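Following: one structure in structure tokens, then a few remarks.
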Amino acid sequence: TLANLRVLVATDPARAQEMLDHLIAYLRATLDGSRASLHPLVDEFARLEDYLALMQVRMGPRLSFRFDLPDDLQHAKAPSLILQPLVENAIRHGLEPQIAGGSITVRASVIEAKDSAGEACLQLEVLDDGAGLSDAAVTPGAIGNGANGVPSSGFGTEQVRARLAALYGGSGTIALIAGSAGGTSSIVRFPLKFS
């Protein structure tokens with residue numbers, strides 16, 4: 001990011017300023033996120049937008065992204081920066097290996113399934129159309145949750161799993177689903193709360 005910024009300062013100062021603004025917002029949010037365990041979902045999406053804008057400068061037209069955050073879920077509480085490792089994985093393992101790159105969609109929804117206390121759950125998804133999971137990681141359509149012999153993936157995924165377990169016990173889950181035509185869906189679920 002800093003190398004790209006250095007080049008842009010000389011070649012495209014307006015774009016360099018925009019990139020610097022995203023970097024500052026991202027770093028501030030990361031620092032704030034390390035101090036609070038939960039924040040409004042709209043803040044989570046804003047930080048992802050800053051991060052993806054930075055990655056878009058680096059990858060150019062090889063990266064596109066879209067967010068789907070319904071108005072009624074903007075103030076739902078989410079663990080700070082819980083989706084960051086999943087978006088990083090989507091870029092690193094899904095899009096960067098492909099010459100053409102690809103797209104990422106981040107979506108929030110409420111699901112009918114209830115947690116162990118009978119409460120509605122918030123479902124957050126990071127979907128990419130990239131290279132997909134390796135055959136050794138998860139077979140198409142399988143859920144990688146560390147159980148039943150299906151590996152759970154790497155450090156970022158384990159970090160998310162550990163945070164969910166610490167905050168929600170068995171009511172917080174993460175799953176990786178390999179698409180049959182490539183791409184990966186990372187799905188996080190935890191109890192829906194607004195305060």
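Letters A, B, ... mark the chains of the structure tokens in the order given; residue numbers begin at 1 per chain; ligand numbers begin at 1, in order shown.
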
If we count only C-alpha atoms and set the cut-off at 9 Å, which residues sit around Ala131 of chain A, ignoring sequence neighbours fewer than 3 positions away in its own chain? Please answer as a tab-separated table (two decimals) with N, CA and C atoms, in the first residue's frame.
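Here's the written file out-v1.tsv:
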chain	number	residue	atom	x	y	z
A	93	HIS	N	-6.30	-15.83	-1.42
A	93	HIS	CA	-6.42	-17.21	-1.91
A	93	HIS	C	-7.38	-17.36	-3.08
A	94	GLY	N	-8.30	-16.40	-3.22
A	94	GLY	CA	-9.31	-16.52	-4.27
A	94	GLY	C	-9.03	-15.69	-5.50
A	95	LEU	N	-8.82	-14.38	-5.30
A	95	LEU	CA	-8.73	-13.48	-6.45
A	95	LEU	C	-7.32	-13.27	-6.97
A	96	GLU	N	-6.34	-13.10	-6.08
A	96	GLU	CA	-4.97	-12.83	-6.55
A	96	GLU	C	-4.40	-13.94	-7.43
A	97	PRO	N	-4.69	-15.22	-7.16
A	97	PRO	CA	-4.14	-16.28	-8.03
A	97	PRO	C	-4.70	-16.27	-9.45
A	98	GLN	N	-5.79	-15.60	-9.67
A	98	GLN	CA	-6.40	-15.57	-11.01
A	98	GLN	C	-5.91	-14.35	-11.79
A	128	ASP	N	-16.75	-14.88	-2.79
A	128	ASP	CA	-15.86	-14.48	-3.89
A	128	ASP	C	-16.03	-15.45	-5.05
A	134	SER	N	-8.79	-25.29	-2.12
A	134	SER	CA	-8.10	-26.44	-2.69
A	134	SER	C	-8.86	-27.71	-2.33
A	182	GLY	N	-15.98	-23.03	-8.54
A	182	GLY	CA	-14.94	-22.14	-8.01
A	182	GLY	C	-15.56	-21.13	-7.08
A	183	GLY	N	-14.71	-20.34	-6.45
A	183	GLY	CA	-15.20	-19.37	-5.49
A	183	GLY	C	-15.44	-20.00	-4.14
A	184	THR	N	-15.55	-19.14	-3.14
A	184	THR	CA	-15.73	-19.60	-1.77
A	184	THR	C	-16.73	-18.69	-1.06

**OP:** Show which residues sit within 12 Å of Leu167 of chain A, as a ChimeraX atom specification. Count only C-alpha atoms, and ignore same-chain residues fewer than 6 positions away.
**Re:** /A:37-38,77-80,82,160-161,173,189-191

Can I get the selected residues back with N, CA, C and O atoms, as a short mmCIF file (atom, residue, chain, number, x, y, z; two decimals), in the first residue's frame?
data_model
loop_
_atom_site.label_atom_id
_atom_site.label_comp_id
_atom_site.auth_asym_id
_atom_site.auth_seq_id
_atom_site.Cartn_x
_atom_site.Cartn_y
_atom_site.Cartn_z
N SER A 37 -14.97 -4.69 21.82
CA SER A 37 -15.25 -6.03 21.30
C SER A 37 -16.40 -6.03 20.28
O SER A 37 -16.43 -6.87 19.40
N LEU A 38 -17.34 -5.08 20.39
CA LEU A 38 -18.47 -5.00 19.47
C LEU A 38 -18.63 -3.59 18.93
O LEU A 38 -18.28 -2.63 19.62
N LYS A 77 -25.21 -5.24 16.40
CA LYS A 77 -23.86 -5.32 16.96
C LYS A 77 -23.10 -6.50 16.34
O LYS A 77 -23.64 -7.59 16.21
N ALA A 78 -21.84 -6.22 15.99
CA ALA A 78 -20.97 -7.24 15.41
C ALA A 78 -19.60 -7.15 16.07
O ALA A 78 -19.18 -6.06 16.47
N PRO A 79 -18.89 -8.26 16.17
CA PRO A 79 -17.53 -8.20 16.69
C PRO A 79 -16.66 -7.32 15.78
O PRO A 79 -16.73 -7.43 14.55
N SER A 80 -15.89 -6.45 16.37
CA SER A 80 -15.06 -5.52 15.61
C SER A 80 -14.10 -6.27 14.69
O SER A 80 -13.39 -7.18 15.12
N ILE A 82 -14.47 -8.51 12.50
CA ILE A 82 -14.65 -9.96 12.40
C ILE A 82 -14.56 -10.45 10.96
O ILE A 82 -14.12 -11.58 10.70
N VAL A 160 -11.07 -16.03 13.59
CA VAL A 160 -12.49 -15.69 13.61
C VAL A 160 -13.25 -16.69 14.47
O VAL A 160 -14.08 -16.31 15.31
N ARG A 161 -12.96 -17.98 14.29
CA ARG A 161 -13.64 -19.02 15.07
C ARG A 161 -13.41 -18.83 16.57
O ARG A 161 -14.34 -18.93 17.37
N THR A 173 -20.82 -19.26 14.94
CA THR A 173 -20.24 -20.26 14.05
C THR A 173 -19.64 -19.62 12.81
O THR A 173 -20.01 -18.51 12.42
N ARG A 189 -22.18 -16.73 11.69
CA ARG A 189 -23.50 -16.55 12.33
C ARG A 189 -23.31 -16.37 13.82
O ARG A 189 -22.49 -17.04 14.44
N PHE A 190 -24.12 -15.46 14.38
CA PHE A 190 -24.13 -15.26 15.82
C PHE A 190 -25.44 -14.58 16.19
O PHE A 190 -26.15 -14.08 15.32
N PRO A 191 -25.80 -14.57 17.47
CA PRO A 191 -27.10 -14.00 17.88
C PRO A 191 -27.25 -12.54 17.46
O PRO A 191 -26.31 -11.75 17.57
#

Original post:
What is the atom CA of Asp68 of chain A-atom CA of His22 of chain A distance in Å, reported with one decimal?
Top reply: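 Pair atom CA of Asp68 of chain A / atom CA of His22 of chain A returns 20.1 Å.
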
Original post:
In segment 22-120 of chain A, what's alpha helix (DSSP H) per DSSP? Answer as a PyMOL selection string?
Top reply: chain A and resi 22-33+41-59+84-89

Residues within 12 Å of segment 100-106 of chain A, only C-alpha atoms, excluding chain neighbours under 5 positions, as a compact mmCIF listing (two decimals) with all heavy atoms, in the first residue's frame:
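Listed below is the output, out_21.txt:
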# COMPACT_ATOMS: atom_id res chain seq x y z
N LEU A 41 -22.78 -2.78 12.89
CA LEU A 41 -22.46 -3.45 11.64
C LEU A 41 -22.10 -2.46 10.53
O LEU A 41 -21.24 -2.74 9.70
CB LEU A 41 -23.63 -4.34 11.21
CG LEU A 41 -23.37 -5.37 10.13
CD1 LEU A 41 -22.17 -6.24 10.45
CD2 LEU A 41 -24.62 -6.22 9.92
N VAL A 42 -22.72 -1.29 10.54
CA VAL A 42 -22.40 -0.28 9.54
C VAL A 42 -20.93 0.12 9.64
O VAL A 42 -20.29 0.40 8.62
CB VAL A 42 -23.35 0.94 9.64
CG1 VAL A 42 -23.12 1.73 10.92
CG2 VAL A 42 -23.26 1.82 8.41
N GLU A 44 -18.50 -1.92 10.64
CA GLU A 44 -17.76 -3.06 10.09
C GLU A 44 -17.69 -2.95 8.57
O GLU A 44 -16.63 -3.14 7.97
CB GLU A 44 -18.46 -4.37 10.51
CG GLU A 44 -17.78 -5.62 10.04
CD GLU A 44 -16.53 -5.98 10.85
OE1 GLU A 44 -16.21 -5.30 11.84
OE2 GLU A 44 -15.86 -6.94 10.45
N PHE A 45 -18.80 -2.63 7.95
CA PHE A 45 -18.84 -2.51 6.49
C PHE A 45 -18.01 -1.31 6.02
O PHE A 45 -17.35 -1.39 4.99
CB PHE A 45 -20.29 -2.40 6.01
CG PHE A 45 -20.96 -3.73 5.80
CD1 PHE A 45 -21.11 -4.64 6.85
CD2 PHE A 45 -21.45 -4.10 4.56
CE1 PHE A 45 -21.72 -5.87 6.67
CE2 PHE A 45 -22.08 -5.32 4.35
CZ PHE A 45 -22.21 -6.22 5.42
N ALA A 46 -18.01 -0.22 6.77
CA ALA A 46 -17.22 0.96 6.39
C ALA A 46 -15.73 0.63 6.42
O ALA A 46 -14.98 1.08 5.55
CB ALA A 46 -17.53 2.13 7.33
N LEU A 48 -14.39 -2.33 5.97
CA LEU A 48 -14.14 -3.21 4.83
C LEU A 48 -14.06 -2.41 3.54
O LEU A 48 -13.24 -2.71 2.67
CB LEU A 48 -15.23 -4.28 4.71
CG LEU A 48 -15.23 -5.35 5.79
CD1 LEU A 48 -16.43 -6.27 5.60
CD2 LEU A 48 -13.94 -6.13 5.83
N GLU A 49 -14.88 -1.38 3.44
CA GLU A 49 -14.84 -0.53 2.25
C GLU A 49 -13.49 0.19 2.15
O GLU A 49 -12.90 0.26 1.06
CB GLU A 49 -15.98 0.49 2.25
CG GLU A 49 -16.03 1.32 0.99
CD GLU A 49 -17.25 2.18 0.89
OE1 GLU A 49 -18.01 2.31 1.87
OE2 GLU A 49 -17.46 2.75 -0.20
N LEU A 52 -10.93 -2.55 1.12
CA LEU A 52 -11.08 -2.97 -0.27
C LEU A 52 -10.72 -1.85 -1.25
O LEU A 52 -10.21 -2.12 -2.34
CB LEU A 52 -12.49 -3.50 -0.52
CG LEU A 52 -12.73 -4.88 0.10
CD1 LEU A 52 -14.22 -5.23 0.10
CD2 LEU A 52 -11.93 -5.95 -0.63
N MET A 55 -7.05 -2.11 -1.57
CA MET A 55 -6.69 -3.26 -2.39
C MET A 55 -7.02 -3.02 -3.86
O MET A 55 -6.32 -3.49 -4.76
CB MET A 55 -7.41 -4.53 -1.90
CG MET A 55 -6.97 -5.01 -0.54
SD MET A 55 -5.22 -5.43 -0.44
CE MET A 55 -4.55 -3.97 0.35
N GLN A 56 -8.05 -2.23 -4.10
CA GLN A 56 -8.45 -1.93 -5.48
C GLN A 56 -7.39 -1.05 -6.16
O GLN A 56 -7.16 -1.19 -7.36
CB GLN A 56 -9.81 -1.24 -5.48
CG GLN A 56 -10.56 -1.40 -6.77
CD GLN A 56 -12.01 -0.98 -6.62
OE1 GLN A 56 -12.31 -0.01 -5.95
NE2 GLN A 56 -12.90 -1.73 -7.25
N ARG A 58 -4.24 -1.31 -5.58
CA ARG A 58 -3.16 -2.25 -5.88
C ARG A 58 -3.53 -3.19 -7.03
O ARG A 58 -2.72 -3.45 -7.92
CB ARG A 58 -2.83 -3.07 -4.63
CG ARG A 58 -1.62 -3.97 -4.81
CD ARG A 58 -1.11 -4.50 -3.50
NE ARG A 58 -2.06 -5.29 -2.77
CZ ARG A 58 -2.25 -6.59 -2.92
NH1 ARG A 58 -1.55 -7.26 -3.80
NH2 ARG A 58 -3.13 -7.23 -2.18
N MET A 59 -4.77 -3.71 -7.04
CA MET A 59 -5.17 -4.70 -8.03
C MET A 59 -5.82 -4.10 -9.27
O MET A 59 -5.97 -4.78 -10.28
CB MET A 59 -6.12 -5.71 -7.39
CG MET A 59 -5.47 -6.58 -6.34
SD MET A 59 -6.62 -7.77 -5.59
CE MET A 59 -6.94 -8.88 -6.97
N GLY A 60 -6.23 -2.83 -9.17
CA GLY A 60 -6.87 -2.18 -10.31
C GLY A 60 -8.18 -2.85 -10.68
O GLY A 60 -8.93 -3.29 -9.81
N PRO A 61 -8.45 -2.96 -11.99
CA PRO A 61 -9.73 -3.53 -12.43
C PRO A 61 -9.86 -5.03 -12.14
O PRO A 61 -10.92 -5.61 -12.37
CB PRO A 61 -9.74 -3.26 -13.94
CG PRO A 61 -8.30 -3.11 -14.31
CD PRO A 61 -7.61 -2.54 -13.10
N ARG A 62 -8.83 -5.65 -11.60
CA ARG A 62 -8.90 -7.07 -11.25
C ARG A 62 -9.75 -7.30 -10.00
O ARG A 62 -10.09 -8.44 -9.68
CB ARG A 62 -7.50 -7.63 -11.01
CG ARG A 62 -6.63 -7.64 -12.25
CD ARG A 62 -5.25 -8.21 -11.96
NE ARG A 62 -5.38 -9.57 -11.44
CZ ARG A 62 -4.77 -10.00 -10.34
NH1 ARG A 62 -4.00 -9.19 -9.62
NH2 ARG A 62 -4.93 -11.24 -9.93
N LEU A 63 -10.10 -6.24 -9.27
CA LEU A 63 -10.90 -6.38 -8.06
C LEU A 63 -12.13 -5.50 -8.13
O LEU A 63 -12.05 -4.30 -8.36
CB LEU A 63 -10.08 -5.99 -6.82
CG LEU A 63 -10.85 -5.88 -5.50
CD1 LEU A 63 -11.45 -7.22 -5.10
CD2 LEU A 63 -9.95 -5.34 -4.39
N SER A 64 -13.27 -6.12 -7.94
CA SER A 64 -14.52 -5.35 -7.76
C SER A 64 -15.19 -5.89 -6.50
O SER A 64 -14.95 -7.03 -6.10
CB SER A 64 -15.44 -5.48 -8.98
OG SER A 64 -15.85 -6.83 -9.15
N PHE A 65 -15.99 -5.04 -5.88
CA PHE A 65 -16.68 -5.48 -4.66
C PHE A 65 -18.03 -4.82 -4.55
O PHE A 65 -18.30 -3.79 -5.15
CB PHE A 65 -15.83 -5.22 -3.41
CG PHE A 65 -15.47 -3.79 -3.15
CD1 PHE A 65 -16.29 -2.97 -2.39
CD2 PHE A 65 -14.29 -3.25 -3.66
CE1 PHE A 65 -15.95 -1.66 -2.13
CE2 PHE A 65 -13.94 -1.93 -3.41
CZ PHE A 65 -14.77 -1.13 -2.64
N ARG A 66 -18.89 -5.48 -3.75
CA ARG A 66 -20.26 -5.02 -3.55
C ARG A 66 -20.66 -5.35 -2.12
O ARG A 66 -20.28 -6.38 -1.57
CB ARG A 66 -21.17 -5.74 -4.54
CG ARG A 66 -22.61 -5.34 -4.51
CD ARG A 66 -23.40 -6.06 -5.60
NE ARG A 66 -23.73 -7.42 -5.26
CZ ARG A 66 -24.75 -7.77 -4.48
NH1 ARG A 66 -25.53 -6.86 -3.95
NH2 ARG A 66 -25.00 -9.04 -4.22
N PHE A 67 -21.46 -4.45 -1.53
CA PHE A 67 -21.96 -4.67 -0.17
C PHE A 67 -23.48 -4.73 -0.20
O PHE A 67 -24.13 -4.02 -0.95
CB PHE A 67 -21.55 -3.52 0.76
CG PHE A 67 -20.07 -3.43 0.99
CD1 PHE A 67 -19.38 -2.28 0.66
CD2 PHE A 67 -19.36 -4.48 1.53
CE1 PHE A 67 -18.01 -2.18 0.87
CE2 PHE A 67 -17.99 -4.40 1.74
CZ PHE A 67 -17.32 -3.25 1.41
N ASP A 68 -24.02 -5.59 0.64
CA ASP A 68 -25.47 -5.70 0.80
C ASP A 68 -25.75 -5.66 2.31
O ASP A 68 -25.68 -6.68 2.99
CB ASP A 68 -25.95 -7.01 0.18
CG ASP A 68 -27.46 -7.19 0.28
OD1 ASP A 68 -28.15 -6.25 0.76
OD2 ASP A 68 -27.95 -8.26 -0.11
N LEU A 69 -26.02 -4.45 2.80
CA LEU A 69 -26.33 -4.24 4.22
C LEU A 69 -27.69 -3.58 4.32
O LEU A 69 -27.83 -2.38 4.09
CB LEU A 69 -25.25 -3.35 4.88
CG LEU A 69 -25.50 -2.96 6.33
CD1 LEU A 69 -25.63 -4.18 7.22
CD2 LEU A 69 -24.39 -2.04 6.82
N PRO A 70 -28.73 -4.35 4.66
CA PRO A 70 -30.07 -3.78 4.79
C PRO A 70 -30.10 -2.68 5.85
O PRO A 70 -29.39 -2.76 6.86
CB PRO A 70 -30.93 -4.97 5.21
CG PRO A 70 -30.17 -6.17 4.76
CD PRO A 70 -28.72 -5.80 4.89
N LEU A 83 -14.94 -9.62 10.01
CA LEU A 83 -14.93 -10.04 8.61
C LEU A 83 -13.61 -9.77 7.90
O LEU A 83 -13.37 -10.30 6.81
CB LEU A 83 -16.07 -9.36 7.85
CG LEU A 83 -17.48 -9.72 8.30
CD1 LEU A 83 -18.52 -8.95 7.50
CD2 LEU A 83 -17.72 -11.22 8.20
N GLN A 84 -12.77 -8.95 8.49
CA GLN A 84 -11.50 -8.57 7.86
C GLN A 84 -10.66 -9.78 7.43
O GLN A 84 -10.24 -9.84 6.27
CB GLN A 84 -10.70 -7.69 8.83
CG GLN A 84 -9.37 -7.22 8.28
CD GLN A 84 -9.51 -6.13 7.26
OE1 GLN A 84 -10.46 -5.35 7.31
NE2 GLN A 84 -8.59 -6.07 6.33
N LEU A 86 -11.58 -12.73 6.69
CA LEU A 86 -12.27 -13.48 5.64
C LEU A 86 -12.16 -12.77 4.29
O LEU A 86 -12.00 -13.41 3.25
CB LEU A 86 -13.73 -13.70 6.03
CG LEU A 86 -13.94 -14.40 7.38
CD1 LEU A 86 -15.41 -14.53 7.69
CD2 LEU A 86 -13.23 -15.74 7.41
N VAL A 87 -12.22 -11.44 4.31
CA VAL A 87 -12.04 -10.66 3.08
C VAL A 87 -10.58 -10.77 2.61
O VAL A 87 -10.32 -10.94 1.42
CB VAL A 87 -12.46 -9.20 3.30
CG1 VAL A 87 -12.08 -8.33 2.11
CG2 VAL A 87 -13.97 -9.12 3.53
N GLU A 88 -9.64 -10.71 3.54
CA GLU A 88 -8.23 -10.89 3.18
C GLU A 88 -8.01 -12.25 2.54
O GLU A 88 -7.29 -12.36 1.53
CB GLU A 88 -7.35 -10.75 4.42
CG GLU A 88 -7.23 -9.34 4.93
CD GLU A 88 -6.41 -9.24 6.22
OE1 GLU A 88 -5.75 -10.23 6.60
OE2 GLU A 88 -6.43 -8.17 6.83
N ASN A 89 -8.61 -13.30 3.12
CA ASN A 89 -8.49 -14.64 2.54
C ASN A 89 -9.08 -14.70 1.14
O ASN A 89 -8.52 -15.35 0.25
CB ASN A 89 -9.18 -15.68 3.43
CG ASN A 89 -8.36 -16.05 4.64
OD1 ASN A 89 -7.18 -15.73 4.74
ND2 ASN A 89 -9.00 -16.72 5.58
N ALA A 90 -10.22 -14.04 0.94
CA ALA A 90 -10.86 -14.04 -0.38
C ALA A 90 -9.93 -13.43 -1.43
O ALA A 90 -9.85 -13.93 -2.56
CB ALA A 90 -12.19 -13.29 -0.32
N ILE A 91 -9.23 -12.37 -1.05
CA ILE A 91 -8.31 -11.74 -1.99
C ILE A 91 -7.07 -12.60 -2.19
O ILE A 91 -6.70 -12.94 -3.32
CB ILE A 91 -7.92 -10.32 -1.51
CG1 ILE A 91 -9.12 -9.40 -1.62
CG2 ILE A 91 -6.74 -9.78 -2.32
CD1 ILE A 91 -8.92 -8.03 -1.04
N ARG A 92 -6.45 -12.98 -1.09
CA ARG A 92 -5.17 -13.69 -1.17
C ARG A 92 -5.30 -15.05 -1.83
O ARG A 92 -4.48 -15.43 -2.66
CB ARG A 92 -4.59 -13.84 0.23
CG ARG A 92 -3.25 -14.52 0.25
CD ARG A 92 -2.65 -14.53 1.62
NE ARG A 92 -1.38 -15.22 1.60
CZ ARG A 92 -0.87 -15.83 2.64
NH1 ARG A 92 -1.48 -15.83 3.79
NH2 ARG A 92 0.29 -16.44 2.53
N HIS A 93 -6.30 -15.83 -1.42
CA HIS A 93 -6.42 -17.21 -1.91
C HIS A 93 -7.38 -17.36 -3.08
O HIS A 93 -7.31 -18.34 -3.81
CB HIS A 93 -6.85 -18.13 -0.77
CG HIS A 93 -5.92 -18.10 0.40
ND1 HIS A 93 -4.63 -18.55 0.33
CD2 HIS A 93 -6.09 -17.65 1.66
CE1 HIS A 93 -4.04 -18.39 1.51
NE2 HIS A 93 -4.90 -17.84 2.33
N GLY A 94 -8.30 -16.40 -3.22
CA GLY A 94 -9.31 -16.52 -4.27
C GLY A 94 -9.03 -15.69 -5.50
O GLY A 94 -8.99 -16.20 -6.62
N LEU A 95 -8.82 -14.38 -5.30
CA LEU A 95 -8.73 -13.48 -6.45
C LEU A 95 -7.32 -13.27 -6.97
O LEU A 95 -7.11 -13.23 -8.18
CB LEU A 95 -9.35 -12.12 -6.09
CG LEU A 95 -10.80 -12.16 -5.59
CD1 LEU A 95 -11.34 -10.75 -5.45
CD2 LEU A 95 -11.69 -12.99 -6.49
N GLN A 123 -26.53 -13.32 10.04
CA GLN A 123 -25.64 -14.06 9.15
C GLN A 123 -24.86 -13.08 8.30
O GLN A 123 -25.44 -12.22 7.63
CB GLN A 123 -26.43 -15.02 8.25
CG GLN A 123 -25.55 -15.77 7.27
CD GLN A 123 -26.31 -16.87 6.58
OE1 GLN A 123 -26.64 -17.88 7.19
NE2 GLN A 123 -26.59 -16.70 5.30
N LEU A 124 -23.54 -13.19 8.33
CA LEU A 124 -22.64 -12.36 7.53
C LEU A 124 -21.91 -13.27 6.56
O LEU A 124 -21.36 -14.29 6.95
CB LEU A 124 -21.64 -11.62 8.42
CG LEU A 124 -22.24 -10.75 9.52
CD1 LEU A 124 -21.15 -10.16 10.39
CD2 LEU A 124 -23.11 -9.65 8.92
N GLU A 125 -21.91 -12.88 5.28
CA GLU A 125 -21.29 -13.70 4.25
C GLU A 125 -20.25 -12.90 3.48
O GLU A 125 -20.47 -11.74 3.16
CB GLU A 125 -22.33 -14.19 3.25
CG GLU A 125 -23.42 -15.04 3.86
CD GLU A 125 -24.53 -15.31 2.86
OE1 GLU A 125 -24.39 -16.26 2.07
OE2 GLU A 125 -25.51 -14.55 2.86
N VAL A 126 -19.12 -13.53 3.21
CA VAL A 126 -18.11 -13.01 2.31
C VAL A 126 -18.03 -14.01 1.17
O VAL A 126 -17.62 -15.16 1.36
CB VAL A 126 -16.74 -12.86 3.01
CG1 VAL A 126 -15.69 -12.41 2.00
CG2 VAL A 126 -16.82 -11.89 4.17
N LEU A 127 -18.45 -13.58 -0.01
CA LEU A 127 -18.51 -14.46 -1.18
C LEU A 127 -17.53 -13.96 -2.22
O LEU A 127 -17.48 -12.76 -2.50
CB LEU A 127 -19.92 -14.45 -1.77
CG LEU A 127 -21.03 -14.67 -0.76
CD1 LEU A 127 -22.21 -13.77 -1.04
CD2 LEU A 127 -21.46 -16.10 -0.77
N ASP A 128 -16.75 -14.88 -2.79
CA ASP A 128 -15.86 -14.48 -3.89
C ASP A 128 -16.03 -15.45 -5.05
O ASP A 128 -16.52 -16.57 -4.86
CB ASP A 128 -14.40 -14.40 -3.43
CG ASP A 128 -13.78 -15.76 -3.17
OD1 ASP A 128 -13.51 -16.48 -4.16
OD2 ASP A 128 -13.53 -16.10 -2.00
N ASP A 129 -15.66 -15.00 -6.23
CA ASP A 129 -15.74 -15.86 -7.41
C ASP A 129 -14.33 -16.23 -7.88
O ASP A 129 -14.07 -16.38 -9.05
CB ASP A 129 -16.54 -15.19 -8.53
CG ASP A 129 -15.94 -13.87 -8.99
OD1 ASP A 129 -14.88 -13.45 -8.47
OD2 ASP A 129 -16.54 -13.23 -9.88
N GLY A 130 -13.45 -16.38 -6.90
CA GLY A 130 -12.04 -16.65 -7.19
C GLY A 130 -11.73 -18.11 -7.43
O GLY A 130 -12.59 -18.91 -7.82
N ALA A 131 -10.48 -18.45 -7.15
CA ALA A 131 -9.94 -19.78 -7.44
C ALA A 131 -10.60 -20.88 -6.63
O ALA A 131 -10.57 -22.04 -7.01
CB ALA A 131 -8.43 -19.78 -7.19
N GLY A 132 -11.20 -20.53 -5.50
CA GLY A 132 -11.87 -21.54 -4.67
C GLY A 132 -10.91 -22.20 -3.71
O GLY A 132 -9.71 -21.95 -3.73
N GLY A 182 -15.98 -23.03 -8.54
CA GLY A 182 -14.94 -22.14 -8.01
C GLY A 182 -15.56 -21.13 -7.08
O GLY A 182 -16.77 -21.06 -6.89
N GLY A 183 -14.71 -20.34 -6.45
CA GLY A 183 -15.20 -19.37 -5.49
C GLY A 183 -15.44 -20.00 -4.14
O GLY A 183 -15.48 -21.23 -3.99
N THR A 184 -15.55 -19.14 -3.14
CA THR A 184 -15.73 -19.60 -1.77
C THR A 184 -16.73 -18.69 -1.06
O THR A 184 -16.74 -17.49 -1.28
CB THR A 184 -14.39 -19.55 -0.99
OG1 THR A 184 -13.43 -20.33 -1.70
CG2 THR A 184 -14.53 -20.07 0.42
N SER A 185 -17.54 -19.29 -0.21
CA SER A 185 -18.45 -18.55 0.67
C SER A 185 -17.97 -18.76 2.09
O SER A 185 -17.85 -19.90 2.54
CB SER A 185 -19.88 -19.06 0.54
OG SER A 185 -20.35 -18.91 -0.78
N SER A 186 -17.70 -17.66 2.78
CA SER A 186 -17.39 -17.71 4.21
C SER A 186 -18.61 -17.16 4.93
O SER A 186 -19.03 -16.03 4.66
CB SER A 186 -16.17 -16.85 4.53
OG SER A 186 -15.05 -17.29 3.81
N ILE A 187 -19.18 -17.95 5.83
CA ILE A 187 -20.44 -17.58 6.48
C ILE A 187 -20.25 -17.58 8.00
O ILE A 187 -19.82 -18.57 8.57
CB ILE A 187 -21.56 -18.56 6.10
CG1 ILE A 187 -21.74 -18.58 4.58
CG2 ILE A 187 -22.86 -18.18 6.80
CD1 ILE A 187 -22.65 -19.68 4.07
N VAL A 188 -20.55 -16.43 8.59
CA VAL A 188 -20.45 -16.25 10.04
C VAL A 188 -21.85 -16.04 10.57
O VAL A 188 -22.63 -15.27 10.01
CB VAL A 188 -19.56 -15.03 10.37
CG1 VAL A 188 -19.56 -14.74 11.86
CG2 VAL A 188 -18.15 -15.25 9.86

Subject >> Shell of 10 Å around Ala162 of chain A, only C-alpha atoms, local chain residues under 5 positions omitted, as a PyMOL selection string >> reply: chain A and resi 156-157+167-169+172-174
